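File shown: query.tsv (TSV, C-alpha atoms and all ligand atoms).
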```
chain	number	residue	atom	x	y	z
A	22	MET	CA	-16.81	1.75	-0.31
A	23	GLU	CA	-20.28	0.33	-0.41
A	24	HIS	CA	-20.57	-3.05	1.19
A	25	ALA	CA	-22.82	-4.41	-1.56
A	26	SER	CA	-20.28	-3.83	-4.32
A	27	LEU	CA	-17.39	-5.03	-2.17
A	28	ARG	CA	-19.36	-8.22	-1.50
A	29	THR	CA	-19.93	-8.76	-5.23
A	30	GLU	CA	-16.31	-8.10	-6.15
A	31	VAL	CA	-14.96	-10.42	-3.46
A	32	GLU	CA	-17.43	-13.11	-4.52
A	33	LYS	CA	-16.17	-12.85	-8.12
A	34	ILE	CA	-12.59	-13.30	-6.92
A	35	LEU	CA	-13.55	-16.29	-4.76
A	36	GLU	CA	-15.35	-17.83	-7.72
A	37	ALA	CA	-12.38	-17.26	-10.01
A	38	HIS	CA	-10.29	-19.27	-7.55
A	39	GLU	CA	-13.03	-21.92	-7.21
A	40	TYR	CA	-13.29	-21.32	-3.46
A	41	ARG	CA	-10.05	-23.25	-2.92
A	42	ALA	CA	-8.58	-22.71	0.53
A	43	SER	CA	-5.15	-23.34	-0.98
A	44	ALA	CA	-5.63	-20.16	-3.03
A	45	LEU	CA	-6.03	-18.00	0.09
A	46	ILE	CA	-2.95	-15.85	-0.58
A	47	ALA	CA	-3.77	-15.39	-4.28
A	48	ILE	CA	-7.33	-14.38	-3.34
A	49	MET	CA	-6.06	-11.85	-0.81
A	50	GLN	CA	-3.65	-10.48	-3.42
A	51	ASP	CA	-6.51	-10.01	-5.88
A	52	VAL	CA	-8.66	-8.25	-3.28
A	53	GLN	CA	-5.80	-6.01	-2.25
A	54	ALA	CA	-5.05	-5.19	-5.90
A	55	LEU	CA	-8.62	-3.99	-6.21
A	56	TYR	CA	-8.90	-1.96	-3.01
A	57	ASN	CA	-5.26	-1.20	-2.17
A	58	TYR	CA	-5.82	-2.95	1.18
A	59	LEU	CA	-7.77	-5.80	2.72
A	60	PRO	CA	-11.02	-4.48	4.16
A	61	ALA	CA	-12.24	-6.33	7.28
A	62	LYS	CA	-15.52	-7.18	5.55
A	63	ALA	CA	-13.61	-8.78	2.68
A	64	LEU	CA	-11.53	-10.89	5.07
A	65	GLU	CA	-14.70	-12.13	6.76
A	66	GLN	CA	-16.19	-13.02	3.40
A	67	ILE	CA	-13.03	-14.78	2.25
A	68	ALA	CA	-12.91	-16.83	5.44
A	69	LYS	CA	-16.54	-17.83	5.05
A	70	GLY	CA	-16.18	-18.61	1.35
A	71	LEU	CA	-13.12	-20.81	1.91
A	72	LYS	CA	-14.56	-22.37	5.08
A	73	ILE	CA	-11.58	-21.32	7.16
A	74	SER	CA	-11.62	-19.40	10.44
A	75	ILE	CA	-11.45	-15.62	10.46
A	76	ALA	CA	-8.45	-15.98	12.78
A	77	LYS	CA	-6.62	-17.95	10.08
A	78	ALA	CA	-7.42	-15.31	7.44
A	79	TYR	CA	-6.14	-12.56	9.76
A	80	SER	CA	-3.00	-14.47	10.69
A	81	VAL	CA	-2.07	-14.84	7.00
A	82	ALA	CA	-2.95	-11.20	6.29
A	83	THR	CA	-0.76	-9.96	9.12
A	84	PHE	CA	2.10	-12.39	8.46
A	85	TYR	CA	2.90	-11.09	4.99
A	86	GLU	CA	4.26	-7.57	4.93
A	87	ASN	CA	2.71	-6.85	1.56
A	88	PHE	CA	-0.81	-7.12	2.89
A	89	SER	CA	-2.33	-4.08	4.50
A	90	LEU	CA	-5.33	-4.07	6.79
A	91	LEU	CA	-5.58	-0.30	6.61
A	92	PRO	CA	-6.69	1.75	3.61
A	93	LYS	CA	-3.82	3.15	1.57
A	94	GLY	CA	-3.60	6.37	-0.36
A	95	LYS	CA	-4.02	6.77	-4.10
A	96	ASN	CA	-0.31	7.63	-4.34
A	97	ILE	CA	2.13	5.37	-2.54
A	98	ILE	CA	5.52	6.90	-1.76
A	99	ARG	CA	8.24	4.60	-0.49
A	100	ILE	CA	11.46	5.94	0.90
A	101	CYS	CA	14.33	3.49	0.94
A	102	ASP	CA	16.08	3.31	4.27
A	103	GLY	CA	18.42	0.48	3.48
A	104	THR	CA	22.06	0.94	4.44
A	105	ALA	CA	23.23	2.62	1.21
A	106	CYS	CA	20.32	5.07	1.15
A	107	HIS	CA	20.51	5.70	4.89
A	108	VAL	CA	24.18	6.61	4.65
A	109	ARG	CA	23.35	9.00	1.80
A	110	LYS	CA	20.73	10.75	3.90
A	111	SER	CA	17.38	9.15	3.25
A	112	ILE	CA	16.01	10.25	6.63
A	113	PRO	CA	15.89	13.99	5.83
A	114	ILE	CA	13.94	13.06	2.67
A	115	LEU	CA	11.51	10.98	4.71
A	116	GLU	CA	11.11	13.76	7.26
A	117	ALA	CA	10.53	16.39	4.57
A	118	ILE	CA	7.82	14.32	2.89
A	119	ARG	CA	6.14	13.34	6.15
A	120	GLY	CA	6.33	16.94	7.36
A	121	ASP	CA	4.74	18.25	4.19
A	122	LEU	CA	1.87	15.76	4.38
A	123	GLY	CA	1.41	15.85	8.17
A	124	LEU	CA	2.30	12.17	8.48
A	125	SER	CA	4.46	10.19	10.89
A	126	GLY	CA	5.67	6.65	11.53
A	127	LYS	CA	2.30	5.88	13.11
A	128	LYS	CA	0.11	7.79	10.68
A	129	GLN	CA	1.18	6.73	7.21
A	130	THR	CA	-1.83	7.77	5.14
A	131	THR	CA	-3.38	11.19	4.70
A	132	ASP	CA	-7.01	11.60	5.75
A	133	ASP	CA	-8.07	12.35	2.17
A	134	LEU	CA	-6.52	9.00	1.11
A	135	MET	CA	-4.35	10.74	-1.46
A	136	PHE	CA	-0.94	9.71	-0.06
A	137	THR	CA	0.64	6.85	1.84
A	138	VAL	CA	4.26	7.19	2.90
A	139	GLU	CA	6.21	4.07	3.83
A	140	THR	CA	9.83	3.12	4.36
A	141	VAL	CA	11.39	0.06	2.76
A	142	SER	CA	14.64	-1.69	3.58
A	143	CYS	CA	16.28	-1.84	0.12
A	144	LEU	CA	14.85	-1.25	-3.31
A	145	GLY	CA	17.72	-3.03	-5.01
A	146	ALA	CA	19.02	0.16	-6.63
A	147	CYS	CA	21.73	1.06	-4.13
A	148	GLY	CA	23.96	2.55	-6.88
A	149	LEU	CA	21.30	5.24	-7.34
A	150	SER	CA	20.87	6.03	-3.65
A	151	PRO	CA	19.13	7.69	-2.02
A	152	VAL	CA	16.13	6.31	-3.82
A	153	ILE	CA	12.39	6.74	-3.45
A	154	THR	CA	9.53	5.25	-5.42
A	155	ILE	CA	6.26	6.92	-6.23
A	156	ASN	CA	3.62	4.49	-7.39
A	157	ASP	CA	6.40	1.99	-8.13
A	158	VAL	CA	8.39	4.38	-10.35
A	159	VAL	CA	11.97	4.73	-9.08
A	160	TYR	CA	13.38	8.22	-8.50
A	161	PRO	CA	17.17	8.18	-7.98
A	162	SER	CA	19.60	10.54	-6.22
A	163	MET	CA	16.89	12.21	-4.17
A	164	THR	CA	17.19	15.21	-1.94
A	165	PRO	CA	14.50	16.65	0.34
A	166	GLU	CA	14.05	19.53	-2.15
A	167	LYS	CA	13.64	17.26	-5.17
A	168	ALA	CA	11.24	15.03	-3.28
A	169	LEU	CA	9.10	18.00	-2.24
A	170	ALA	CA	9.03	19.23	-5.83
A	171	LEU	CA	7.77	15.81	-6.99
A	172	LEU	CA	5.17	15.88	-4.24
A	173	ALA	CA	3.99	19.33	-5.30
A	174	GLU	CA	3.53	18.02	-8.87
A	175	LEU	CA	1.55	15.06	-7.64
A	176	LYS	CA	-0.70	17.33	-5.60
A	177	LYS	CA	-1.32	19.48	-8.66
A	178	GLU	CA	-2.22	16.42	-10.72
A	179	GLY	CA	-4.61	15.36	-7.97
A	180	VAL	CA	-6.38	18.71	-8.25
A	181	THR	CA	-6.45	18.54	-12.05
A	182	ASN	CA	-7.89	15.02	-11.99
A	183	ALA	CA	-10.50	15.85	-9.37
B	201	LIG	S1	19.69	0.66	0.22
B	201	LIG	FE1	18.33	1.89	-0.92
B	201	LIG	S2	18.28	0.91	-2.81
B	201	LIG	FE2	19.52	-0.37	-1.64
```
Please lay out the structure from this file as structure tokens.
Amino acid sequence: MEHASLRTEVEKILEAHEYRASALIAIMQDVQALYNYLPAKALEQIAKGLKISIAKAYSVATFYENFSLLPKGKNIIRICDGTACHVRKSIPILEAIRGDLGLSGKKQTTDDLMFTVETVSCLGACGLSPVITINDVVYPSMTPEKALALLAELKKEGVTNA
């Protein structure tokens, strides 16, 4: 991402919120919606624009789970590991997906920024467990095999779109 265009985009978002410090969270949400994460440069610019300290901007960004300070992949896969899904074997699904993409608990995003794999505590669809979401679409009654088949399709689409 070029810094110049990031600067312009963040400035537009700050302007839209009239540089109100009370809109800090909404501004961060808008920036994250645009980039899929909160780039450090953007946080610095937000802090400056709202006349708050960088430390304050970081503390808000790290407090809310939904904000990410690291780049995320184009495709976001979430594996539910809430109680219902865990009991119905969500971990083998997680392991299969991570294994296929070379990811782990510490490394959640592929180097080509195509995939991010995360766990969540409950997606609110326990009756359909085990559940995963891919780009916010819910896939019920998953197995490692079904999940890998979905992943293979996504990879193919990535190649077609490239
Ligand atoms: S525990 Fe997975 S959807 Fe509720």
### Query
Which is closer to ligand LIG 201 (chain B) than all the others in A:Asp102, A:Glu86, A:Asp157, A:Glu32, using only C-alpha atoms and all ligand atoms?
A:Asp102
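Each of A:Cys101, A:Met135, A:Leu55, A:Ala68 was checked against ligand LIG 201 (chain B) using all atoms listed in the file; the smallest atom-to-atom distance is that of A:Cys101.
Nearest to ligand LIG 201 (chain B) of all the residues A:Leu59, A:Ala146, A:Pro165, A:Ile46 is A:Ala146, based on all atoms listed in the file.
Atom CA of Lys93 of chain A sits 25.8 Å away from atom CA of Lys110 of chain A.
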### Message
Show me which residues are within 6 Å of ligand LIG 201 (chain B) counting only C-alpha atoms and all ligand atoms, and format the list as an NGL selection string.
### Response
:A and (101-106 or 143-147 or 150-152)
### Query
Which residues, written as a ChimeraX atom specification, have at least one atom at most 6 Å from Phe136 of chain A, with all atoms listed in the file counted and residues fewer than 2 positions away on the same chain left out?
/A:94-97,130-131,134
### Task
Please indicate the distance in Å from atom CA of Glu65 of chain A to atom CA of Asp132 of chain A, rounded to one decimal place.
25.0 Å
### Query
What lies within 8 Å of Arg99 of chain A using all atoms listed in the file, ignoring chain neighbours under 3 positions off, as JSON, numbers by chain?
{"A": [138, 139, 140, 141, 153, 154, 155]}
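Atom CA of Thr164 of chain A is found 6.0 Å from atom CA of Ile114 of chain A.
With distances restricted to all atoms listed in the file, A:Leu171 is the closest residue to Ala117 of chain A from A:Lys77, A:Leu171, A:Ala25, A:Val31.
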